[in-house]
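Source file: run_16.txt (compact mmCIF, C-alpha atoms)
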# COMPACT_ATOMS: atom_id res chain seq x y z
CA MET J 83 -19.92 31.17 -17.03
CA VAL J 84 -18.18 31.27 -13.64
CA SER J 85 -15.34 33.81 -13.41
CA ARG J 86 -11.76 32.68 -12.83
CA GLN J 87 -11.63 34.08 -9.29
CA ASN J 88 -14.90 32.37 -8.41
CA LEU J 89 -13.57 29.08 -9.80
CA ILE J 90 -10.55 29.40 -7.51
CA GLN J 91 -12.89 29.88 -4.55
CA CYS J 92 -14.87 26.84 -5.68
CA CYS J 93 -11.67 24.77 -5.70
CA TYR J 94 -11.07 25.82 -2.09
CA LEU J 95 -14.59 24.68 -1.19
CA VAL J 96 -14.09 21.29 -2.88
CA ALA J 97 -10.83 20.78 -0.96
CA PHE J 98 -12.64 21.60 2.27
CA MET J 99 -15.52 19.22 1.53
CA ASP J 100 -13.15 16.38 0.66
CA LEU J 101 -11.02 16.62 3.80
CA PHE J 102 -14.03 17.39 5.99
CA ALA J 103 -15.76 14.21 4.83
CA VAL J 104 -12.63 12.07 5.23
CA GLY J 105 -11.87 13.64 8.60
CA MET J 106 -15.18 12.47 10.05
CA LEU J 107 -14.84 8.78 9.17
CA LEU J 108 -11.18 7.89 8.71
CA PRO J 109 -10.08 8.42 12.37
CA LEU J 110 -12.64 5.73 13.28
CA PHE J 111 -11.17 3.18 10.85
CA ASN J 112 -8.91 1.35 13.32
CA ARG J 113 -11.54 1.40 16.05
CA ARG J 114 -14.10 -0.15 13.69
CA GLY J 115 -11.60 -2.82 12.67
CA ARG J 116 -11.06 -3.82 16.29
CA GLU J 117 -14.85 -4.00 16.80
CA LEU J 118 -14.94 -6.54 13.96
CA GLY J 119 -12.24 -8.58 15.67
CA VAL J 120 -9.36 -7.66 13.36
CA SER J 121 -5.87 -8.06 14.85
CA PRO J 122 -3.41 -5.13 14.63
CA SER J 123 -1.30 -6.92 11.98
CA ILE J 124 -4.27 -7.71 9.72
CA LEU J 125 -5.62 -4.20 10.28
CA GLY J 126 -2.26 -2.87 9.11
CA VAL J 127 -2.37 -5.01 5.97
CA ILE J 128 -5.90 -3.76 5.22
CA GLY J 129 -4.67 -0.20 5.72
CA SER J 130 -1.86 -0.82 3.23
CA ILE J 131 -4.38 -1.71 0.52
CA TYR J 132 -5.20 1.97 0.02
CA GLY J 133 -1.58 3.08 -0.36
CA GLY J 134 -0.76 0.20 -2.69
CA LEU J 135 -3.70 0.90 -4.98
CA GLN J 136 -2.90 4.62 -4.97
CA PHE J 137 0.68 3.87 -6.03
CA PHE J 138 -0.50 1.97 -9.10
CA SER J 139 -3.55 4.06 -10.00
CA SER J 140 -2.01 7.55 -9.66
CA PRO J 141 -0.23 7.61 -13.07
CA TYR J 142 -3.29 6.33 -14.92
CA MET J 143 -5.69 8.74 -13.23
CA GLY J 144 -3.26 11.54 -14.05
CA LYS J 145 -3.21 10.45 -17.68
CA ALA J 146 -7.01 10.29 -17.70
CA SER J 147 -7.09 13.82 -16.29
CA ASP J 148 -4.97 15.01 -19.22
CA ALA J 149 -7.04 13.12 -21.79
CA TRP J 150 -10.57 13.72 -20.51
CA GLY J 151 -10.14 16.95 -18.56
CA ARG J 152 -10.10 17.65 -14.83
CA LYS J 153 -13.84 17.65 -14.19
CA PRO J 154 -14.59 14.01 -15.19
CA VAL J 155 -11.71 12.69 -13.07
CA LEU J 156 -12.79 14.84 -10.12
CA LEU J 157 -16.34 13.49 -10.43
CA LEU J 158 -14.96 9.95 -10.66
CA SER J 159 -12.91 10.53 -7.51
CA PHE J 160 -15.96 11.69 -5.56
CA ILE J 161 -17.99 8.71 -6.83
CA GLY J 162 -15.23 6.37 -5.63
CA CYS J 163 -15.30 8.04 -2.21
CA LEU J 164 -19.09 7.84 -2.03
CA VAL J 165 -19.09 4.10 -2.81
CA GLY J 166 -16.06 3.23 -0.68
CA TYR J 167 -17.11 5.08 2.46
CA PHE J 168 -20.69 3.80 2.22
CA MET J 169 -19.32 0.24 2.02
CA MET J 170 -17.15 1.01 5.03
CA GLY J 171 -20.22 2.12 6.98
CA ILE J 172 -22.40 -0.93 6.27
CA THR J 173 -19.71 -3.61 6.52
CA ASP J 174 -20.01 -6.23 9.23
CA THR J 175 -17.33 -8.69 8.07
CA ILE J 176 -13.56 -8.47 7.75
CA PHE J 177 -13.75 -9.28 4.02
CA LEU J 178 -16.13 -6.41 3.24
CA PHE J 179 -14.11 -4.14 5.51
CA ALA J 180 -11.02 -4.82 3.37
CA LEU J 181 -13.03 -4.60 0.14
CA SER J 182 -14.27 -1.12 1.07
CA ARG J 183 -10.73 0.24 0.59
CA PHE J 184 -10.65 -0.63 -3.12
CA PRO J 185 -12.97 2.09 -4.56
CA THR J 186 -11.11 4.86 -2.72
CA GLY J 187 -7.69 3.33 -3.36
CA ILE J 188 -8.29 3.20 -7.10
CA LEU J 189 -10.33 6.36 -7.66
CA LYS J 190 -9.66 8.84 -4.85
CA HIS J 191 -7.38 11.42 -6.44
CA SER J 192 -9.56 14.41 -5.61
CA GLN J 193 -6.90 16.63 -4.02
CA THR J 194 -4.49 16.07 -6.92
CA SER J 195 -7.22 16.75 -9.49
CA VAL J 196 -8.28 20.00 -7.80
CA LYS J 197 -4.65 21.16 -7.62
CA ALA J 198 -4.24 20.38 -11.32
CA TYR J 199 -7.39 22.39 -12.06
CA LEU J 200 -6.02 25.28 -10.03
CA SER J 201 -2.72 25.17 -11.92
CA ASP J 202 -4.69 25.40 -15.17
CA ILE J 203 -6.49 28.62 -14.22
CA THR J 204 -3.82 30.53 -12.28
CA LEU J 205 -0.76 32.54 -13.24
CA PRO J 206 2.69 31.44 -11.99
CA GLU J 207 3.04 34.45 -9.70
CA GLU J 208 -0.34 33.66 -8.10
CA ARG J 209 0.29 30.01 -7.35
CA ALA J 210 2.25 30.27 -4.11
CA GLY J 211 -0.54 32.24 -2.46
CA VAL J 212 -3.32 30.24 -4.10
CA PHE J 213 -1.93 26.86 -3.08
CA GLY J 214 -1.15 28.15 0.40
CA ARG J 215 -4.78 29.17 0.87
CA PHE J 216 -5.88 25.88 -0.72
CA ASN J 217 -3.94 23.89 1.89
CA ALA J 218 -5.16 26.13 4.72
CA VAL J 219 -8.84 25.75 3.78
CA GLY J 220 -8.41 21.99 3.37
CA SER J 221 -6.76 21.76 6.79
CA LEU J 222 -9.71 23.61 8.29
CA GLY J 223 -11.92 20.69 7.26
CA PHE J 224 -9.68 18.27 9.11
CA ILE J 225 -9.79 20.47 12.21
CA ILE J 226 -13.58 20.45 12.51
CA ALA J 227 -14.45 17.00 11.17
CA PRO J 228 -12.81 14.67 13.75
CA ILE J 229 -14.71 16.39 16.57
CA ILE J 230 -18.04 15.90 14.77
CA GLY J 231 -17.25 12.33 13.76
CA GLY J 232 -16.03 11.36 17.22
CA THR J 233 -19.08 12.87 18.92
CA VAL J 234 -21.57 11.14 16.62
CA ALA J 235 -19.66 7.84 16.86
CA MET J 236 -20.37 7.72 20.61
CA GLN J 237 -24.12 7.38 19.88
CA GLU J 238 -25.91 4.11 19.19
CA ASN J 239 -25.03 2.85 15.70
CA GLY J 240 -22.79 5.90 15.53
CA TYR J 241 -20.28 4.53 13.03
CA PHE J 242 -23.00 4.01 10.42
CA LYS J 243 -24.34 7.52 11.07
CA VAL J 244 -20.88 9.01 10.51
CA SER J 245 -20.62 7.02 7.28
CA LEU J 246 -23.94 8.46 6.07
CA MET J 247 -22.80 11.98 6.96
CA THR J 248 -19.58 11.43 5.01
CA CYS J 249 -21.48 10.12 1.98
CA SER J 250 -23.87 13.09 2.16
CA VAL J 251 -20.94 15.51 1.87
CA TYR J 252 -19.60 13.66 -1.18
CA LEU J 253 -23.08 13.56 -2.74
CA PHE J 254 -23.38 17.32 -2.34
CA GLY J 255 -19.85 17.68 -3.72
CA LEU J 256 -20.77 15.68 -6.83
CA ALA J 257 -23.71 17.98 -7.55
CA PHE J 258 -21.59 21.06 -6.88
CA ILE J 259 -18.78 19.98 -9.22
CA TRP J 260 -21.23 18.95 -11.94
CA LEU J 261 -23.07 22.29 -11.87
CA VAL J 262 -20.24 24.77 -11.23
CA PHE J 263 -17.01 23.47 -12.74
CA GLU J 264 -16.15 23.77 -16.41
CA ASN J 265 -14.23 20.97 -18.08
CA LYS J 266 -11.05 22.71 -19.14
CA LYS J 267 -8.03 21.13 -20.75
CA MET J 268 -4.65 22.76 -21.20
CA LYS J 269 -3.16 22.87 -24.67
CA ARG J 270 0.14 24.28 -25.95
CA SER J 271 -0.12 27.13 -28.43
CA GLU J 272 2.01 26.98 -31.53
CA GLU J 273 3.12 30.54 -30.80
CA ALA J 274 4.67 29.40 -27.54
CA LYS J 275 7.68 27.99 -29.38
CA LEU J 276 8.76 31.52 -30.30
CA SER J 277 9.14 32.63 -26.68
CA LYS J 278 12.10 31.81 -24.44
CA ASN J 279 10.77 32.72 -21.03
CA THR J 280 6.99 32.56 -21.37
CA GLU J 281 4.48 30.74 -23.46
CA ASP J 282 0.87 31.07 -24.47
CA ILE J 283 -1.44 28.44 -23.16
CA GLU J 284 -4.86 27.96 -24.64
CA ILE J 285 -7.47 27.06 -22.08
CA VAL J 286 -10.01 25.29 -24.24
CA ASP J 287 -13.49 24.54 -23.02
CA LYS J 288 -14.00 20.98 -24.22
CA SER J 289 -17.72 21.51 -24.53
CA SER J 290 -17.13 24.12 -27.24
CA GLN J 291 -14.14 22.64 -29.08
CA SER J 292 -16.21 22.09 -32.22
CA GLY J 293 -16.24 25.78 -32.92
CA GLY J 294 -16.78 27.63 -29.71
CA SER J 295 -14.77 30.43 -28.23
CA VAL J 296 -11.21 30.00 -26.98
CA THR J 297 -9.82 32.02 -24.11
CA ARG J 298 -6.09 32.66 -24.19
CA ARG J 299 -4.04 33.56 -21.13
CA LYS J 300 -0.38 34.57 -21.44
CA ASN J 301 2.58 34.05 -19.19
CA LEU J 302 1.40 30.83 -17.60
CA ASP J 303 4.00 28.51 -16.22
CA THR J 304 6.26 27.03 -18.88
CA GLN J 305 5.79 23.63 -17.29
CA PRO J 306 2.12 23.24 -16.24
CA ASP J 307 1.43 20.42 -13.85
CA ASP J 308 -0.69 18.50 -16.32
CA LEU J 309 1.97 18.67 -19.04
CA ALA J 310 4.55 17.53 -16.53
CA ASN J 311 2.30 14.63 -15.64
CA LYS J 312 2.19 13.63 -19.29
CA LYS J 313 5.94 13.25 -19.21
CA GLN J 314 5.66 10.92 -16.27
CA ASP J 315 2.80 8.82 -17.62
CA SER J 316 4.02 8.23 -21.16
CA SER J 317 4.32 4.43 -21.24
CA GLY J 318 5.15 1.27 -19.37
CA SER J 319 4.21 -0.04 -15.96
CA THR J 320 4.44 1.97 -12.77
CA PHE J 321 7.62 0.23 -11.66
CA SER J 322 9.34 0.49 -15.06
CA LYS J 323 8.51 4.20 -15.27
CA PHE J 324 9.77 4.73 -11.75
CA PHE J 325 13.12 3.09 -12.40
CA SER J 326 13.46 4.84 -15.76
CA PHE J 327 13.21 8.15 -13.88
CA LEU J 328 16.35 7.23 -11.95
CA LYS J 329 18.30 7.66 -15.20
CA ILE J 330 17.37 11.34 -15.35
CA VAL J 331 20.38 13.54 -14.59
CA SER J 332 18.48 15.65 -12.05
CA VAL J 333 17.36 12.59 -10.10
CA GLN J 334 20.97 11.47 -9.75
CA CYS J 335 21.74 14.87 -8.22
CA ILE J 336 19.09 14.49 -5.52
CA LEU J 337 19.31 10.80 -4.63
CA ASP J 338 20.39 11.73 -1.10
CA LEU J 339 17.38 14.04 -0.67
CA LEU J 340 15.00 11.43 -2.07
CA LEU J 341 16.32 8.82 0.34
CA ILE J 342 16.09 11.23 3.30
CA ARG J 343 12.57 12.21 2.28
CA PHE J 344 11.52 8.56 2.00
CA VAL J 345 12.89 7.60 5.43
CA MET J 346 11.41 10.63 7.19
CA SER J 347 8.05 10.14 5.44
CA LEU J 348 8.06 6.49 6.51
CA SER J 349 8.76 7.59 10.07
CA MET J 350 5.78 9.94 10.21
CA LEU J 351 3.44 7.57 8.37
CA ILE J 352 4.20 4.71 10.79
CA TYR J 353 3.42 7.08 13.66
CA ARG J 354 0.16 8.28 12.08
CA SER J 355 -0.95 4.77 11.12
CA ASN J 356 -0.77 3.77 14.76
CA PHE J 357 -1.90 7.03 16.37
CA THR J 358 -5.57 6.28 17.09
CA SER J 359 -4.72 2.73 18.21
CA MET J 360 -2.07 4.13 20.56
CA LEU J 361 -4.61 6.50 22.13
CA ASP J 362 -7.00 3.61 22.68
CA TYR J 363 -4.59 0.91 23.87
CA ARG J 364 -2.18 2.99 25.95
CA TYR J 365 -4.43 5.69 27.38
CA GLY J 366 -7.99 4.36 27.02
CA ILE J 367 -9.15 7.41 25.04
CA ASP J 368 -12.68 7.18 23.59
CA ALA J 369 -13.72 8.17 20.05
CA LYS J 370 -14.95 11.64 21.05
CA THR J 371 -11.74 12.60 22.84
CA THR J 372 -9.71 11.13 19.98
CA GLY J 373 -11.52 13.52 17.63
CA TYR J 374 -10.55 16.48 19.80
CA ILE J 375 -6.91 15.35 19.92
CA ILE J 376 -6.74 14.93 16.13
CA SER J 377 -8.26 18.39 15.71
CA TYR J 378 -5.66 19.79 18.10
CA GLY J 379 -2.93 18.24 15.95
CA SER J 380 -4.48 19.74 12.81
CA ILE J 381 -4.58 23.20 14.42
CA ALA J 382 -0.92 22.86 15.41
CA GLY J 383 -0.12 21.86 11.83
CA ALA J 384 -2.01 24.82 10.38
CA ILE J 385 -0.26 27.29 12.70
CA SER J 386 3.09 25.71 11.85
CA GLY J 387 2.40 26.08 8.15
CA MET J 388 1.50 29.75 8.52
CA SER J 389 4.67 30.43 10.52
CA MET J 390 7.00 28.95 7.89
CA GLY J 391 7.63 32.27 6.16
CA THR J 392 8.58 34.01 9.40
CA ILE J 393 10.94 31.21 10.44
CA TYR J 394 12.62 31.12 7.03
CA SER J 395 13.17 34.90 7.09
CA TYR J 396 15.48 34.37 10.08
CA VAL J 397 17.24 31.14 9.06
CA LYS J 398 17.44 31.68 5.27
CA SER J 399 18.78 28.19 4.62
CA ASP J 400 16.66 25.24 3.54
CA ALA J 401 19.31 22.70 4.54
CA LYS J 402 19.73 24.09 8.06
CA MET J 403 15.95 24.26 8.54
CA MET J 404 15.62 20.66 7.36
CA THR J 405 18.32 19.49 9.77
CA PHE J 406 16.63 21.36 12.61
CA ALA J 407 13.29 19.80 11.65
CA ALA J 408 14.78 16.29 11.67
CA LEU J 409 16.21 16.79 15.17
CA LEU J 410 12.92 18.26 16.41
CA MET J 411 10.93 15.41 14.85
CA THR J 412 13.16 12.75 16.42
CA SER J 413 12.96 14.38 19.86
CA SER J 414 9.17 14.71 19.66
CA LEU J 415 8.67 11.10 18.55
CA PHE J 416 10.96 9.87 21.31
CA GLY J 417 8.99 11.91 23.85
CA ILE J 418 5.72 10.37 22.65
CA THR J 419 7.25 6.89 22.74
CA ILE J 420 8.34 7.03 26.37
CA SER J 421 5.43 9.14 27.65
CA SER J 422 3.27 7.72 30.41
CA SER J 423 0.70 10.51 30.25
CA ILE J 424 -1.58 11.75 27.48
CA TYR J 425 -0.59 15.30 28.42
CA THR J 426 3.02 14.56 27.45
CA VAL J 427 1.76 13.35 24.07
CA LEU J 428 -0.19 16.59 23.59
CA ILE J 429 2.89 18.66 24.44
CA CYS J 430 5.06 16.70 21.97
CA MET J 431 2.47 16.96 19.18
CA ALA J 432 3.05 20.71 18.74
CA PRO J 433 6.79 20.56 17.88
CA LEU J 434 6.13 17.41 15.83
CA SER J 435 3.64 19.35 13.68
CA LEU J 436 6.17 22.16 13.25
CA SER J 437 8.94 19.77 12.22
CA THR J 438 6.66 18.04 9.71
CA ALA J 439 5.69 21.36 8.10
CA ILE J 440 9.34 22.42 7.83
CA MET J 441 10.43 19.05 6.43
CA ARG J 442 7.70 19.04 3.78
CA VAL J 443 8.46 22.53 2.48
CA ASN J 444 12.24 22.61 2.70
CA SER J 445 12.89 19.17 1.24
CA HIS J 446 10.83 20.29 -1.76
CA ASN J 447 12.77 23.56 -2.04
CA LEU J 448 16.14 21.81 -1.83
CA MET J 449 15.20 19.46 -4.66
CA LEU J 450 14.01 22.32 -6.85
CA LYS J 451 17.34 24.12 -6.36
CA ARG J 452 19.34 21.13 -7.63
CA ILE J 453 17.29 19.90 -10.58
CA GLU J 454 17.02 21.15 -14.15
CA PRO J 455 13.84 23.19 -14.76
CA GLU J 456 12.76 21.04 -17.72
CA GLU J 457 12.95 17.90 -15.57
CA LYS J 458 10.94 19.31 -12.68
CA GLY J 459 7.80 17.31 -13.34
CA ALA J 460 9.54 13.96 -13.71
CA VAL J 461 11.66 14.47 -10.60
CA MET J 462 8.68 15.51 -8.49
CA GLY J 463 6.93 12.40 -9.75
CA VAL J 464 9.74 10.24 -8.38
CA GLY J 465 9.40 11.91 -4.99
CA ASP J 466 5.64 11.37 -4.94
CA SER J 467 6.11 7.72 -5.91
CA LEU J 468 8.51 7.19 -3.01
CA THR J 469 6.00 8.75 -0.63
CA SER J 470 3.33 6.41 -2.02
CA VAL J 471 5.60 3.44 -1.33
CA ALA J 472 6.05 4.64 2.26
CA ARG J 473 2.29 5.11 2.58
CA MET J 474 1.77 1.57 1.30
CA MET J 475 4.30 0.03 3.71
CA SER J 476 3.60 1.97 6.90
CA PRO J 477 0.21 0.54 8.02
CA ALA J 478 1.43 -3.05 7.71
CA ILE J 479 4.71 -2.27 9.48
CA ALA J 480 2.88 -0.48 12.30
CA GLY J 481 0.37 -3.32 12.62
CA PHE J 482 2.98 -6.06 12.93
CA ALA J 483 5.04 -3.92 15.34
CA GLN J 484 1.98 -3.47 17.53
CA GLU J 485 1.60 -7.25 17.74
CA VAL J 486 5.02 -7.29 19.44
CA SER J 487 4.51 -4.28 21.71
CA VAL J 488 2.02 -1.46 22.22
CA THR J 489 4.89 1.01 21.83
CA GLY J 490 6.48 -0.93 18.95
CA PRO J 491 5.28 1.41 16.15
CA CYS J 492 6.47 4.48 18.09
CA TRP J 493 9.92 2.97 18.56
CA LEU J 494 10.09 2.11 14.85
CA SER J 495 9.00 5.63 13.92
CA THR J 496 11.69 7.13 16.16
CA GLY J 497 14.27 4.74 14.72
CA CYS J 498 13.46 5.79 11.15
CA ALA J 499 13.86 9.45 12.13
CA VAL J 500 17.29 8.66 13.64
CA ILE J 501 18.27 6.92 10.39
CA GLY J 502 17.17 10.03 8.49
CA ILE J 503 19.49 12.19 10.61
CA GLY J 504 22.28 9.69 9.98
CA LEU J 505 21.73 9.97 6.23
CA MET J 506 21.95 13.76 6.46
CA LEU J 507 25.25 13.53 8.33
CA ALA J 508 26.63 10.88 5.96
CA SER J 509 25.67 12.61 2.71
CA ARG J 510 28.54 14.68 1.37
CA ARG J 511 26.27 16.53 -1.04
CA TYR J 512 23.81 17.41 1.74
CA LYS J 513 26.63 18.73 3.95
CA GLN J 514 27.90 20.81 1.02
CA THR J 515 24.41 22.29 0.66
CA THR J 516 24.40 23.16 4.37
CA GLU J 517 27.80 24.81 4.11
CA ALA J 518 26.66 26.78 1.07
CA GLY J 519 23.70 27.99 3.09
CA LYS J 520 26.02 29.25 5.81
CA LYS J 521 28.07 31.23 3.31
CA THR J 522 25.02 32.99 1.94
CA ASP J 523 23.64 33.93 5.36
As structure tokens - that is how I would like this structure written.
Amino acid sequence: MVSRQNLIQCCYLVAFMDLFAVGMLLPLFNRRGRELGVSPSILGVIGSIYGGLQFFSSPYMGKASDAWGRKPVLLLSFIGCLVGYFMMGITDTIFLFALSRFPTGILKHSQTSVKAYLSDITLPEERAGVFGRFNAVGSLGFIIAPIIGGTVAMQENGYFKVSLMTCSVYLFGLAFIWLVFENKKMKRSEEAKLSKNTEDIEIVDKSSQSGGSVTRRKNLDTQPDDLANKKQDSSGSTFSKFFSFLKIVSVQCILDLLLIRFVMSLSMLIYRSNFTSMLDYRYGIDAKTTGYIISYGSIAGAISGMSMGTIYSYVKSDAKMMTFAALLMTSSLFGITISSSIYTVLICMAPLSLSTAIMRVNSHNLMLKRIEPEEKGAVMGVGDSLTSVARMMSPAIAGFAQEVSVTGPCWLSTGCAVIGIGLMLASRRYKQTTEAGKKTD
């Protein structure tokens, strides 16, 4: 049996493999579409297929993870990636190119499944450090992969070769998960009801439920991620569950934050959906150089994430940091929009990565401060659903905007960021949060 610490390390490796494989092929997606003669608007619609399918499949895959255990869903996710990315590599028609997005859109929930597995085997006080390292290791995969994918893509039949390399990583990942991971499922202990602050959680190995041994770990989080997901996935369609969440008291307290998060997420997703096309159309950058630029952005993002603790120790206010991040994001996007040189884009990418890291962390912290602890899972589910909606909309919006102008998506992205700042200034509750932060400084 693999020890708990070794399982945590294995989760890090799976996260790396997943993002490394995706990072080789996905930056070439738009370029391949243009080679097949797809217009920017149709390419955007095809890109939206993934986000739309993810929006609908996420609750059901989460429910399957609770019912079957993490390992089967993780294996299913890797199988979906293997099939989808192989189809993407062999496609030579627009129809098959669009069809290749369905296996990954429906089944690819690998990062979520690994995080759920980590939450099952870690103590609450460990999770901040564990998830921080998890994100850092995953980001490392996206730093290396675009360079490799871009270099191989420059060769003859390079796109197909990159597809085979991606599938090879997922094939190895399938074998690794099958051999190393145990299928564990979280289960509430009856004794937990007697405790106010902590509860016992039984981590039951499903393969030995008929009479095997049971390992008990105390003081796990009173609201494990998988139990929170059960709250979200109880019944009804995705849309009905989403709107039923709006009736939760905590959600009503953070409507302004949810709206700000949605608008700012939409801004960044429109920018990212169009990024590789912008490099090609505006600056004539080839696939290899595009890989280096994406890796540079990933490095900037990783450094920004590691510097968050230091920055917060000086500011000590989530609201003020979020406002600063919004201003920095808007300025960076505007600089990229009006830039006439690729070097200006590279300069603006560094503060943009910093602002994105700040926005992601501090918007989450602000929501946690306002909501009731017992409603944490449901409220976070609403936020994730809104992000999925933005992810579904952004490729199509960027594609149609690019039909109008090469810089159209960048202008839209900048405009959304300006709207986000306007919402911050208009929200009375947000301004009260900012003022409260000043008083505590």
Considering all atoms listed in the file, return as a PDB file with C-alpha atoms, in the frame of the given file whatever protein or nucleic-acid residues lie within 6 Å of Thr496 in chain J, sequence-local ones (same chain, fewer than 2 positions apart) excluded.
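Final output, saved to around-v8.pdb:
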ATOM      1  CA  THR J 412      13.160  12.750  16.420  1.00  0.00           C
ATOM      2  CA  LEU J 415       8.670  11.100  18.550  1.00  0.00           C
ATOM      3  CA  PHE J 416      10.960   9.870  21.310  1.00  0.00           C
ATOM      4  CA  TRP J 493       9.920   2.970  18.560  1.00  0.00           C
ATOM      5  CA  LEU J 494      10.090   2.110  14.850  1.00  0.00           C
ATOM      6  CA  CYS J 498      13.460   5.790  11.150  1.00  0.00           C
ATOM      7  CA  ALA J 499      13.860   9.450  12.130  1.00  0.00           C
TER       8      ALA J 499
END
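Minimum atom-to-atom distance to Ser85 in chain J, evaluated using all atoms listed in the file, belongs to J:Glu264 out of J:Gly134, J:Tyr199, J:Met247, J:Glu264.
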Just the number, please: distance in Å from CA of Asp100 in chain J to CA of Lys370 in chain J, one decimal.
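It comes out at 21.0 Å.
Straight-line separation from CA of Ala384 in chain J to CA of Gly126 in chain J: 27.7 Å.
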Report the closest atom pair, with its distance in Å rounded to one decimal, for each residue of range 360-449 of chain J that has an atom no farther than 10 Å from range 233-237 of chain J; count only C-alpha atoms, sort by chain and then rising residue number, and write it as a Markdown table.
| residue | atom | partner | partner_atom | distance |
| --- | --- | --- | --- | --- |
| J:Asp368 | CA | J:Met236 | CA | 8.3 |
| J:Ala369 | CA | J:Met236 | CA | 6.7 |
| J:Lys370 | CA | J:Thr233 | CA | 4.8 |
| J:Thr371 | CA | J:Thr233 | CA | 8.3 |
| J:Thr372 | CA | J:Thr233 | CA | 9.6 |
| J:Gly373 | CA | J:Thr233 | CA | 7.7 |
| J:Tyr374 | CA | J:Thr233 | CA | 9.3 |
What does the structure give for the distance between CA of Ser423 in chain J and CA of Met106 in chain J, in Å to one decimal?
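Separation between CA of Ser423 in chain J and CA of Met106 in chain J: 25.8 Å.
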Write out as JSON, numbers by chain which residues come within 10 Å of Phe111 in chain J when counting all atoms listed in the file, dropping same-chain ones fewer than 2 positions away.
{"J": [107, 108, 109, 113, 114, 115, 116, 125, 129, 170, 171, 179, 241, 358, 359]}
Using all atoms listed in the file for the distances, tell me which of J:Gly187, J:Gly166, J:Gly105, J:Pro122 is nearest to Gln136 in chain J.
J:Gly187
Distance query range 501-509 of chain J at most 12 Å, all atoms listed in the file, self and fewer than 6 positions along chain excluded, as a ChimeraX atom specification
/J:335-350,401-402,404-413,441,445,494-495,515-516
